[in-house]
Amino acid sequence: MSHKIYSIMVTTGDRFCAGTCSSVYVKLVGTDGESTRVKINSDQGLSRDSVTKGSPELVELEAESFLGITDDEWFCSSVVVKTPEGDEFLFPCHCWLSSSEKEVVREATAKLIFQETKTKSLAHREMQLRRCQQEFRWEVYAPGLPEMVESDNALALPPEVRFSFTKEAEFNLTLGSAFIPLKLNGLADNRDSWTNFHDLDQIFVDKKTKAYEYVQQHWLEDEFFGYQLLNGLNPMMIERCQTLPTNFPVTDDLVRSYLPSGSCLKTEMENGNVFLCDYKNLRSLVGKGNVINGQQQYLAAPLCLLYRNPEEKLLPVAIQLQQEPGEGNPIFLPSDSCDWTLAKIFVRNADFNEHELNYHLLRTHLIAEVFAMATVRHLPSAHPVFKLLSLHFRYTLQINIMARDQLMSLEGAITCICPQYTGIGYSGSLTLLKNAMDLLTYTSLCLPENIEARGLKEISTFYYRDDGLRLWDIIQTYVEGVLGFYYPSDDYVQRDSEVQLWIEDIFKKGFVEKQSSGIPQSFASVKELIKFITMVIFTVSGQHAAINNGQFDFGGWMPNFPSSLRQPAPTCKGETTESDILKTLPDVGTTVNTLAAVYVLSKKSTDHYQLGHYPEQLFVEKEPLERMEDFKRRLQVLSYDIKARNVGLPLPYTYLDPENIENSVAI
Ligand code: FE2
């Protein structure tokens with residue numbers, strides 16, 4: 001029988017200690033047979049005695065230890081097989097192999113399950129899912145909240161999804177550079193109040209950013225207070241107000257001097273010039289503040305009314321600090337001097353809680369983990385949606401395990417956003433997350449619908465919306481292009497049992513089977529699938545960048561983003577002094593610990609993939625590869641336009657510049 005010679009190129013990945021001393025063996029598996037097992041670098045081509053037709057389906061890789069060294073792992077990135085006819089086939093691998101393991105990888109052409117015609121490929125597909133469902137198990141985080149990956153600690157995760165050596169080393173270095181000096185100079189354990197704002201200016205001097213300095217200069221101004229509700233760290237709270245909430249009895253008499261002469265609230269609401277931030281999620285937590293070092297902390301659940309003046313400036317005009325109106329809960333006004341400043345500080349603290357727990361932790365980190373888990377459990381590597389999404393979940397499982405262990409636990413190592421240093425505390429955090437789950441809808445996760453629902457389509461100077469909507473469109477065009485190729489009709493989506501199980505799991509585990517969330521339980525059309533995947537990519541990339549990356553810029557100047565308040569909200573007017581404000585703001589230790597944490601969480605790692613950059617080649621078909629290039633080009637144009645726009649701005653809005661967006665939730 002004549003032998004056919006196939007050449008095989010095996011590539012070791014570009015990772016720390018990726019190489020191996022082990023002997024590596026390969027075997028080629030085809031439709032009708034398989035080759036012998038051959039040691040690579042043996043200058044011996046692979047022969048497939050009985051494989052005479054069809055293309056190679058699978059490659060088996062096996063490493064045998066050198067001199068019994070068992071922990072000498074090898075990171076294989078891919079295998080390329082060249083047939084005697086000169087055709088090349090890519091087999092993506094991207095995994096670590098230990099000497100006791102055999103890894104079987106399949107050819108890169110994407111296939112839906114009902115398109116599998118080869119028994120071995122189908123069996124491989126099923127084997128892969130069985131293995132992943134063993135490796136990645138769901139676990140309840142807290143009843144009513146999205147489920148998470150079961151794992152004792154980050155090191156227990158499979159190596160493919162763990163931080164790289166570079167990422168781990170840099171993270172620890174940043175952590176050390178932020179926390180160690182504070183420990184050494186005793187600030188971290190100092191329980192005193194700040195005696196003046198000048199002292200506050202002396203910390204983190206070498207780490208200040210331009211935006212930080214801008215915030216420091218302008219934090220007291222009403223105009224900046226309004227501005228940052230649109231373009232600050234949390235652009236998600238504000239909405240147009242068409243009728244005043246019944247528990248917020250702002251009268252024309254109270255705010256007349258802030259409106260044009262002759263106008264009234266009703267007219268201004270009709271004209272679309274009145275806006276509201278309602279921190280009602282915090283209502284059940286008032287009076288249940290945390291105790292930090294024996295000292296009671298206090299929370300408010302404010303309502304804040306804003307007016308857009310004829311110069312298009314958004315200005316706060318009334319603040320009520322608790323939800324129940326009446327005596328002991330005055331409506332503060334800009335004319336109320338120190339009371340007004342203190343009222344704004346309570347709003348900023350409420351915003352800290354909403355931002356960190358609802359918009360950051362729940363709506364980006366925790367749901368990104370749900371998407372990541374459903375993907376590894378239900379979509380095999382040959383699935384086009386797996387290929388499209390897998391790099392959008394890089395490092396997400398590990399960063400979330402670390403966040404839960406170190407930030408969101410009772411004995412967190414990073415003593416900042418953990419209960420020890422926030423006014424809301426551990427049980428309060430869980431209550432807020434549960435309250436927030438009730439409002440976690442599909443509509444609110446889709447930016448175009450979110451902006452529409454909040455009545456913010458027209459307001460000017462809203463860079464988060466402008467950049468975000470363009471980004472959404474670019475992602476949608478890309479997803480449409482790639483999925484349109486694999487799903488030429490709705491029928492393909494309906495017959496794709498894997499993608500149906502994927503969305504069902506997301507609905508059940510991530511959105512706790514809440515029908516009111518509007519999250520689909522199945523997909524009937526290509527359009528529905530495209531919309532959902534667009535939302536997934538937008539959420540884990542752009543939305544996370546918008547919510548995460550400015551934490552030090554906007555939170556570095558503590559009075560603008562206090563994590564905890566030590567005095568109750570004022571219940572009458574005319575009694576607040578500057579010294580009361582300092583007594584209310586976090587003490588020295590709480591301040592510096594929080595700042596160190598937001599500094600670490602805002603720092604970009606050198607080991608990051610910019611949105612649209614996919615260094616691991618998973619697709620081989622021309623269409624998706626072209627779409628990827630087009631995606632990158634469009635992102636580049638957006639980046640260019642954002643930079644050009646920013647040139648003229650006193651405070652550039654950079655968070656949705658694609659250059660600053662990472663593919664995944666990784667910090
Ligand atoms: Fe984050």
# chains A, B, ... in the order shown; residues from 1 in each chain; ligands from 1
>>> residues_around(residues="A:Met269", least_positions_apart="5", cutoff="7 Å", atoms="only C-alpha atoms", output="list of chain:residue names")
A:Cys241, A:Gln242, A:Val274
>>> write_last_selection(atoms="N, CA, C and O atoms", output="short mmCIF file (atom, residue, chain, number, x, y, z; two decimals), in the first residue's frame")
data_model
loop_
_atom_site.label_atom_id
_atom_site.label_comp_id
_atom_site.auth_asym_id
_atom_site.auth_seq_id
_atom_site.Cartn_x
_atom_site.Cartn_y
_atom_site.Cartn_z
N CYS A 241 -37.06 63.60 33.35
CA CYS A 241 -38.17 63.58 34.30
C CYS A 241 -39.38 64.27 33.66
O CYS A 241 -39.31 65.45 33.33
N GLN A 242 -40.45 63.50 33.46
CA GLN A 242 -41.65 64.09 32.84
C GLN A 242 -42.69 64.46 33.88
O GLN A 242 -43.46 65.39 33.69
N VAL A 274 -35.86 68.82 32.29
CA VAL A 274 -35.73 68.42 33.70
C VAL A 274 -35.32 66.95 33.77
O VAL A 274 -35.83 66.11 33.03
#
>>> select_by_dssp(residues="stretch 247-465 of chain A", states="helix (DSSP H, G or I)", output="PyMOL selection string")
chain A and resi 252-258+265-270+280-285+334-378+384-393+396-407+419-421+425-437+442-445+447-453+463-465
>>> residues_around(residues="A:Gly186", least_positions_apart="6", cutoff="10 Å", atoms="only C-alpha atoms", output="PyMOL selection string")
chain A and resi 180+588-589
>>> residues_near_ligand(ligand="ligand 1", cutoff="12 Å", atoms="only C-alpha atoms and all ligand atoms", output="PDB file with N, CA and C atoms, in the first residue's frame")
ATOM      1  N   LEU A 233     -17.964  58.629  35.802  1.00  0.00           N
ATOM      2  CA  LEU A 233     -17.785  57.204  36.015  1.00  0.00           C
ATOM      3  C   LEU A 233     -19.099  56.437  35.930  1.00  0.00           C
ATOM      4  N   HIS A 355     -22.844  52.638  41.622  1.00  0.00           N
ATOM      5  CA  HIS A 355     -21.837  52.398  40.587  1.00  0.00           C
ATOM      6  C   HIS A 355     -21.097  51.093  40.820  1.00  0.00           C
ATOM      7  N   GLU A 356     -20.488  50.963  42.017  1.00  0.00           N
ATOM      8  CA  GLU A 356     -19.612  49.809  42.228  1.00  0.00           C
ATOM      9  C   GLU A 356     -20.395  48.496  42.262  1.00  0.00           C
ATOM     10  N   LEU A 357     -21.556  48.504  42.905  1.00  0.00           N
ATOM     11  CA  LEU A 357     -22.257  47.228  43.087  1.00  0.00           C
ATOM     12  C   LEU A 357     -23.188  46.894  41.930  1.00  0.00           C
ATOM     13  N   ASN A 358     -23.990  47.858  41.512  1.00  0.00           N
ATOM     14  CA  ASN A 358     -24.953  47.571  40.453  1.00  0.00           C
ATOM     15  C   ASN A 358     -24.302  47.651  39.068  1.00  0.00           C
ATOM     16  N   TYR A 359     -23.807  48.855  38.727  1.00  0.00           N
ATOM     17  CA  TYR A 359     -23.371  49.044  37.336  1.00  0.00           C
ATOM     18  C   TYR A 359     -22.024  48.396  37.035  1.00  0.00           C
ATOM     19  N   HIS A 360     -21.150  48.314  38.034  1.00  0.00           N
ATOM     20  CA  HIS A 360     -19.849  47.702  37.777  1.00  0.00           C
ATOM     21  C   HIS A 360     -19.885  46.190  38.064  1.00  0.00           C
ATOM     22  N   LEU A 361     -20.110  45.827  39.334  1.00  0.00           N
ATOM     23  CA  LEU A 361     -20.038  44.400  39.693  1.00  0.00           C
ATOM     24  C   LEU A 361     -21.134  43.570  39.001  1.00  0.00           C
ATOM     25  N   LEU A 362     -22.379  43.940  39.219  1.00  0.00           N
ATOM     26  CA  LEU A 362     -23.469  43.113  38.687  1.00  0.00           C
ATOM     27  C   LEU A 362     -23.568  43.176  37.166  1.00  0.00           C
ATOM     28  N   ARG A 363     -23.649  44.417  36.643  1.00  0.00           N
ATOM     29  CA  ARG A 363     -23.999  44.565  35.232  1.00  0.00           C
ATOM     30  C   ARG A 363     -22.840  44.408  34.258  1.00  0.00           C
ATOM     31  N   THR A 364     -21.624  44.334  34.772  1.00  0.00           N
ATOM     32  CA  THR A 364     -20.540  43.958  33.852  1.00  0.00           C
ATOM     33  C   THR A 364     -19.880  42.667  34.350  1.00  0.00           C
ATOM     34  N   HIS A 365     -19.256  42.701  35.542  1.00  0.00           N
ATOM     35  CA  HIS A 365     -18.475  41.532  35.973  1.00  0.00           C
ATOM     36  C   HIS A 365     -19.321  40.255  36.116  1.00  0.00           C
ATOM     37  N   LEU A 366     -20.395  40.324  36.892  1.00  0.00           N
ATOM     38  CA  LEU A 366     -21.122  39.078  37.184  1.00  0.00           C
ATOM     39  C   LEU A 366     -21.831  38.536  35.949  1.00  0.00           C
ATOM     40  N   ILE A 367     -22.384  39.428  35.131  1.00  0.00           N
ATOM     41  CA  ILE A 367     -23.061  38.856  33.956  1.00  0.00           C
ATOM     42  C   ILE A 367     -22.051  38.424  32.882  1.00  0.00           C
ATOM     43  N   ALA A 368     -20.880  39.060  32.859  1.00  0.00           N
ATOM     44  CA  ALA A 368     -19.831  38.583  31.933  1.00  0.00           C
ATOM     45  C   ALA A 368     -19.448  37.149  32.308  1.00  0.00           C
ATOM     46  N   GLU A 369     -19.399  36.873  33.590  1.00  0.00           N
ATOM     47  CA  GLU A 369     -19.066  35.514  34.057  1.00  0.00           C
ATOM     48  C   GLU A 369     -20.144  34.516  33.620  1.00  0.00           C
ATOM     49  N   TYR A 395      -9.675  36.111  31.041  1.00  0.00           N
ATOM     50  CA  TYR A 395      -9.382  36.507  32.436  1.00  0.00           C
ATOM     51  C   TYR A 395     -10.614  36.832  33.284  1.00  0.00           C
ATOM     52  N   THR A 396     -11.814  36.736  32.721  1.00  0.00           N
ATOM     53  CA  THR A 396     -13.014  37.151  33.468  1.00  0.00           C
ATOM     54  C   THR A 396     -13.256  36.260  34.689  1.00  0.00           C
ATOM     55  N   LEU A 397     -13.109  34.952  34.517  1.00  0.00           N
ATOM     56  CA  LEU A 397     -13.378  34.073  35.662  1.00  0.00           C
ATOM     57  C   LEU A 397     -12.400  34.364  36.793  1.00  0.00           C
ATOM     58  N   GLN A 398     -11.126  34.530  36.455  1.00  0.00           N
ATOM     59  CA  GLN A 398     -10.145  34.764  37.522  1.00  0.00           C
ATOM     60  C   GLN A 398     -10.376  36.115  38.209  1.00  0.00           C
ATOM     61  N   ILE A 399     -10.610  37.175  37.447  1.00  0.00           N
ATOM     62  CA  ILE A 399     -10.757  38.489  38.101  1.00  0.00           C
ATOM     63  C   ILE A 399     -11.999  38.479  39.000  1.00  0.00           C
ATOM     64  N   ASN A 400     -13.023  37.740  38.593  1.00  0.00           N
ATOM     65  CA  ASN A 400     -14.229  37.691  39.429  1.00  0.00           C
ATOM     66  C   ASN A 400     -14.008  36.884  40.696  1.00  0.00           C
ATOM     67  N   MET A 402     -11.188  36.641  42.195  1.00  0.00           N
ATOM     68  CA  MET A 402     -10.379  37.529  43.035  1.00  0.00           C
ATOM     69  C   MET A 402     -11.239  38.636  43.637  1.00  0.00           C
ATOM     70  N   ALA A 403     -12.161  39.180  42.847  1.00  0.00           N
ATOM     71  CA  ALA A 403     -13.035  40.248  43.362  1.00  0.00           C
ATOM     72  C   ALA A 403     -13.873  39.717  44.520  1.00  0.00           C
ATOM     73  N   LEU A 407     -12.414  41.542  47.464  1.00  0.00           N
ATOM     74  CA  LEU A 407     -13.166  42.793  47.593  1.00  0.00           C
ATOM     75  C   LEU A 407     -14.514  42.590  48.250  1.00  0.00           C
ATOM     76  N   THR A 539     -21.229  44.745  26.311  1.00  0.00           N
ATOM     77  CA  THR A 539     -21.203  44.779  27.773  1.00  0.00           C
ATOM     78  C   THR A 539     -19.824  44.462  28.325  1.00  0.00           C
ATOM     79  N   VAL A 540     -19.199  43.398  27.787  1.00  0.00           N
ATOM     80  CA  VAL A 540     -17.924  42.973  28.370  1.00  0.00           C
ATOM     81  C   VAL A 540     -16.748  43.828  27.900  1.00  0.00           C
ATOM     82  N   SER A 541     -16.941  44.595  26.831  1.00  0.00           N
ATOM     83  CA  SER A 541     -15.829  45.432  26.347  1.00  0.00           C
ATOM     84  C   SER A 541     -16.103  46.901  26.662  1.00  0.00           C
ATOM     85  N   GLY A 542     -16.904  47.568  25.820  1.00  0.00           N
ATOM     86  CA  GLY A 542     -17.129  49.004  25.964  1.00  0.00           C
ATOM     87  C   GLY A 542     -17.784  49.407  27.276  1.00  0.00           C
ATOM     88  N   GLN A 543     -18.869  48.728  27.640  1.00  0.00           N
ATOM     89  CA  GLN A 543     -19.579  49.128  28.851  1.00  0.00           C
ATOM     90  C   GLN A 543     -18.669  48.979  30.074  1.00  0.00           C
ATOM     91  N   HIS A 544     -17.936  47.869  30.122  1.00  0.00           N
ATOM     92  CA  HIS A 544     -17.031  47.709  31.269  1.00  0.00           C
ATOM     93  C   HIS A 544     -15.962  48.795  31.273  1.00  0.00           C
ATOM     94  N   ALA A 545     -15.432  49.138  30.107  1.00  0.00           N
ATOM     95  CA  ALA A 545     -14.408  50.190  30.045  1.00  0.00           C
ATOM     96  C   ALA A 545     -14.978  51.523  30.541  1.00  0.00           C
ATOM     97  N   ALA A 546     -16.209  51.841  30.123  1.00  0.00           N
ATOM     98  CA  ALA A 546     -16.827  53.111  30.512  1.00  0.00           C
ATOM     99  C   ALA A 546     -17.043  53.194  32.017  1.00  0.00           C
ATOM    100  N   ILE A 547     -17.324  52.053  32.622  1.00  0.00           N
ATOM    101  CA  ILE A 547     -17.677  52.011  34.047  1.00  0.00           C
ATOM    102  C   ILE A 547     -16.443  51.790  34.922  1.00  0.00           C
ATOM    103  N   ASN A 548     -15.450  51.121  34.364  1.00  0.00           N
ATOM    104  CA  ASN A 548     -14.281  50.715  35.163  1.00  0.00           C
ATOM    105  C   ASN A 548     -13.104  51.693  35.094  1.00  0.00           C
ATOM    106  N   ASN A 549     -12.785  52.113  33.859  1.00  0.00           N
ATOM    107  CA  ASN A 549     -11.463  52.714  33.668  1.00  0.00           C
ATOM    108  C   ASN A 549     -11.277  54.101  34.278  1.00  0.00           C
ATOM    109  N   GLY A 550     -12.372  54.767  34.606  1.00  0.00           N
ATOM    110  CA  GLY A 550     -12.230  56.105  35.181  1.00  0.00           C
ATOM    111  C   GLY A 550     -12.294  56.112  36.704  1.00  0.00           C
ATOM    112  N   GLN A 551     -12.156  54.935  37.312  1.00  0.00           N
ATOM    113  CA  GLN A 551     -12.340  54.882  38.774  1.00  0.00           C
ATOM    114  C   GLN A 551     -11.348  55.761  39.532  1.00  0.00           C
ATOM    115  N   ALA A 597      -7.222  50.952  46.099  1.00  0.00           N
ATOM    116  CA  ALA A 597      -7.972  49.944  45.345  1.00  0.00           C
ATOM    117  C   ALA A 597      -8.425  50.494  44.001  1.00  0.00           C
ATOM    118  N   VAL A 598      -8.990  51.701  43.987  1.00  0.00           N
ATOM    119  CA  VAL A 598      -9.460  52.217  42.694  1.00  0.00           C
ATOM    120  C   VAL A 598      -8.285  52.474  41.757  1.00  0.00           C
ATOM    121  N   TYR A 599      -7.124  52.759  42.341  1.00  0.00           N
ATOM    122  CA  TYR A 599      -5.924  52.931  41.510  1.00  0.00           C
ATOM    123  C   TYR A 599      -5.581  51.595  40.827  1.00  0.00           C
ATOM    124  N   VAL A 600      -5.566  50.528  41.611  1.00  0.00           N
ATOM    125  CA  VAL A 600      -5.235  49.204  41.057  1.00  0.00           C
ATOM    126  C   VAL A 600      -6.248  48.817  39.977  1.00  0.00           C
ATOM    127  N   LEU A 601      -7.532  49.091  40.252  1.00  0.00           N
ATOM    128  CA  LEU A 601      -8.580  48.673  39.316  1.00  0.00           C
ATOM    129  C   LEU A 601      -8.634  49.525  38.046  1.00  0.00           C
ATOM    130  N   SER A 602      -7.961  50.672  38.059  1.00  0.00           N
ATOM    131  CA  SER A 602      -7.969  51.528  36.867  1.00  0.00           C
ATOM    132  C   SER A 602      -6.733  51.324  36.014  1.00  0.00           C
ATOM    133  N   LYS A 603      -5.784  50.569  36.510  1.00  0.00           N
ATOM    134  CA  LYS A 603      -4.486  50.434  35.830  1.00  0.00           C
ATOM    135  C   LYS A 603      -4.557  49.406  34.711  1.00  0.00           C
ATOM    136  N   LYS A 604      -4.087  49.849  33.527  1.00  0.00           N
ATOM    137  CA  LYS A 604      -4.113  48.968  32.365  1.00  0.00           C
ATOM    138  C   LYS A 604      -2.928  48.005  32.426  1.00  0.00           C
ATOM    139  N   ILE A 661     -10.229  50.334  25.170  1.00  0.00           N
ATOM    140  CA  ILE A 661     -11.199  49.289  25.541  1.00  0.00           C
ATOM    141  C   ILE A 661     -10.542  47.925  25.403  1.00  0.00           C
ATOM    142  N   GLU A 662     -10.681  47.120  26.423  1.00  0.00           N
ATOM    143  CA  GLU A 662     -10.154  45.763  26.368  1.00  0.00           C
ATOM    144  C   GLU A 662     -11.257  44.829  25.859  1.00  0.00           C
ATOM    145  N   SER A 664     -12.234  42.113  26.971  1.00  0.00           N
ATOM    146  CA  SER A 664     -12.983  41.385  27.996  1.00  0.00           C
ATOM    147  C   SER A 664     -12.939  42.103  29.336  1.00  0.00           C
ATOM    148  N   VAL A 665     -13.777  41.651  30.257  1.00  0.00           N
ATOM    149  CA  VAL A 665     -13.722  42.116  31.638  1.00  0.00           C
ATOM    150  C   VAL A 665     -12.531  41.412  32.276  1.00  0.00           C
ATOM    151  N   ALA A 666     -11.436  42.157  32.435  1.00  0.00           N
ATOM    152  CA  ALA A 666     -10.208  41.507  32.901  1.00  0.00           C
ATOM    153  C   ALA A 666      -9.600  42.223  34.102  1.00  0.00           C
ATOM    154  N   ILE A 667     -10.287  43.269  34.582  1.00  0.00           N
ATOM    155  CA  ILE A 667      -9.774  43.983  35.755  1.00  0.00           C
ATOM    156  C   ILE A 667     -10.930  44.520  36.571  1.00  0.00           C
TER     157      ILE A 667
END
>>> closest_residue(among="A:Thr31, A:Ser335, A:Thr243, A:Ser284", to="A:Glu268", atoms="only C-alpha atoms")
A:Thr243
>>> residues_around(residues="stretch 513-528 of chain A", least_positions_apart="4", cutoff="8 Å", atoms="only C-alpha atoms", output="PyMOL selection string")
chain A and resi 438-443+483-484+487+489-491+493-494+500-501+503-504+507-509+532
>>> write_last_selection(atoms="C-alpha atoms", output="mmCIF file, in the first residue's frame")
data_model
loop_
_atom_site.group_PDB
_atom_site.id
_atom_site.type_symbol
_atom_site.label_atom_id
_atom_site.label_comp_id
_atom_site.auth_asym_id
_atom_site.auth_seq_id
_atom_site.Cartn_x
_atom_site.Cartn_y
_atom_site.Cartn_z
ATOM 1 C CA ASP A 438 -35.191 43.483 39.782
ATOM 2 C CA LEU A 439 -34.194 46.212 37.340
ATOM 3 C CA LEU A 440 -31.699 44.131 35.370
ATOM 4 C CA THR A 441 -33.559 43.882 32.081
ATOM 5 C CA TYR A 442 -32.469 42.995 28.572
ATOM 6 C CA THR A 443 -33.640 46.427 27.403
ATOM 7 C CA LEU A 483 -23.175 35.290 12.065
ATOM 8 C CA GLY A 484 -24.951 36.086 8.805
ATOM 9 C CA TYR A 487 -26.711 31.340 9.859
ATOM 10 C CA SER A 489 -31.692 31.739 7.635
ATOM 11 C CA ASP A 490 -33.722 31.613 10.850
ATOM 12 C CA ASP A 491 -34.040 27.890 10.392
ATOM 13 C CA VAL A 493 -30.779 29.240 14.498
ATOM 14 C CA GLN A 494 -33.805 27.141 15.407
ATOM 15 C CA GLN A 500 -30.480 27.161 22.289
ATOM 16 C CA LEU A 501 -29.076 25.426 25.386
ATOM 17 C CA ILE A 503 -29.277 30.985 25.963
ATOM 18 C CA GLU A 504 -31.459 28.804 28.167
ATOM 19 C CA PHE A 507 -31.655 32.842 31.332
ATOM 20 C CA LYS A 508 -31.757 30.274 34.129
ATOM 21 C CA LYS A 509 -28.384 30.744 35.834
ATOM 22 C CA PHE A 532 -27.986 39.261 21.952
#
>>> residues_around(residues="stretch 457-471 of chain A", least_positions_apart="5", cutoff="7 Å", atoms="only C-alpha atoms", output="PDB file with C-alpha atoms, in the first residue's frame")
ATOM      1  CA  LEU A 230     -23.515  62.185  31.855  1.00  0.00           C
ATOM      2  CA  ASN A 231     -19.806  61.727  31.263  1.00  0.00           C
ATOM      3  CA  GLU A 312     -27.240  73.535  27.794  1.00  0.00           C
ATOM      4  CA  LEU A 447     -27.534  50.787  24.835  1.00  0.00           C
ATOM      5  CA  PRO A 448     -29.816  52.170  22.084  1.00  0.00           C
ATOM      6  CA  ILE A 451     -30.800  55.709  26.043  1.00  0.00           C
ATOM      7  CA  GLU A 452     -34.293  55.857  24.545  1.00  0.00           C
ATOM      8  CA  TYR A 653     -13.909  61.747  27.335  1.00  0.00           C
ATOM      9  CA  LEU A 656     -14.962  54.597  24.923  1.00  0.00           C
TER      10      LEU A 656
END
>>> residues_around(residues="A:Phe225", least_positions_apart="3", cutoff="10 Å", atoms="only C-alpha atoms", output="CSV table (one decimal) with N, CA and C atoms, in the first residue's frame")
chain,number,residue,atom,x,y,z
A,215,VAL,N,-10.9,67.0,38.3
A,215,VAL,CA,-12.0,66.7,39.2
A,215,VAL,C,-11.7,67.4,40.6
A,218,HIS,N,-12.7,71.0,40.3
A,218,HIS,CA,-14.1,71.4,39.9
A,218,HIS,C,-15.2,70.6,40.8
A,219,TRP,N,-14.8,69.8,41.7
A,219,TRP,CA,-15.8,68.9,42.3
A,219,TRP,C,-16.9,69.6,43.0
A,220,LEU,N,-16.6,70.8,43.5
A,220,LEU,CA,-17.6,71.6,44.3
A,220,LEU,C,-18.7,72.3,43.4
A,221,GLU,N,-18.3,72.4,42.1
A,221,GLU,CA,-19.2,73.2,41.2
A,221,GLU,C,-20.4,72.4,40.7
A,222,ASP,N,-21.6,73.0,40.8
A,222,ASP,CA,-22.8,72.4,40.4
A,222,ASP,C,-22.7,71.9,38.9
A,228,GLN,N,-20.8,65.2,35.3
A,228,GLN,CA,-20.4,63.8,35.6
A,228,GLN,C,-21.5,62.8,35.6
A,229,LEU,N,-22.7,63.3,35.7
A,229,LEU,CA,-23.8,62.3,35.6
A,229,LEU,C,-24.0,61.8,34.2
A,230,LEU,N,-23.5,62.6,33.3
A,230,LEU,CA,-23.5,62.2,31.9
A,230,LEU,C,-22.2,61.6,31.4
A,232,GLY,N,-19.2,61.1,33.5
A,232,GLY,CA,-18.3,60.6,34.5
A,232,GLY,C,-18.2,59.1,34.6
A,306,LEU,N,-32.5,67.8,38.3
A,306,LEU,CA,-31.5,68.6,37.6
A,306,LEU,C,-32.2,69.4,36.5
A,314,LEU,N,-26.2,71.3,32.6
A,314,LEU,CA,-27.1,70.5,33.4
A,314,LEU,C,-26.7,70.8,34.9
A,315,LEU,N,-27.7,71.4,35.6
A,315,LEU,CA,-27.4,71.8,36.9
A,315,LEU,C,-28.3,71.2,37.9
A,316,PRO,N,-27.8,70.7,39.1
A,316,PRO,CA,-28.7,70.2,40.1
A,316,PRO,C,-29.4,71.4,40.8
A,344,LYS,N,-24.9,67.2,48.3
A,344,LYS,CA,-24.3,66.6,47.1
A,344,LYS,C,-23.3,65.5,47.4
A,347,VAL,N,-25.2,62.4,47.8
A,347,VAL,CA,-25.6,61.9,46.5
A,347,VAL,C,-24.4,61.1,45.9
A,348,ARG,N,-23.2,61.7,46.0
A,348,ARG,CA,-22.1,61.1,45.4
A,348,ARG,C,-21.8,59.7,46.1
A,560,ASN,N,-15.2,63.6,45.9
A,560,ASN,CA,-16.1,63.4,44.8
A,560,ASN,C,-16.7,62.0,44.7
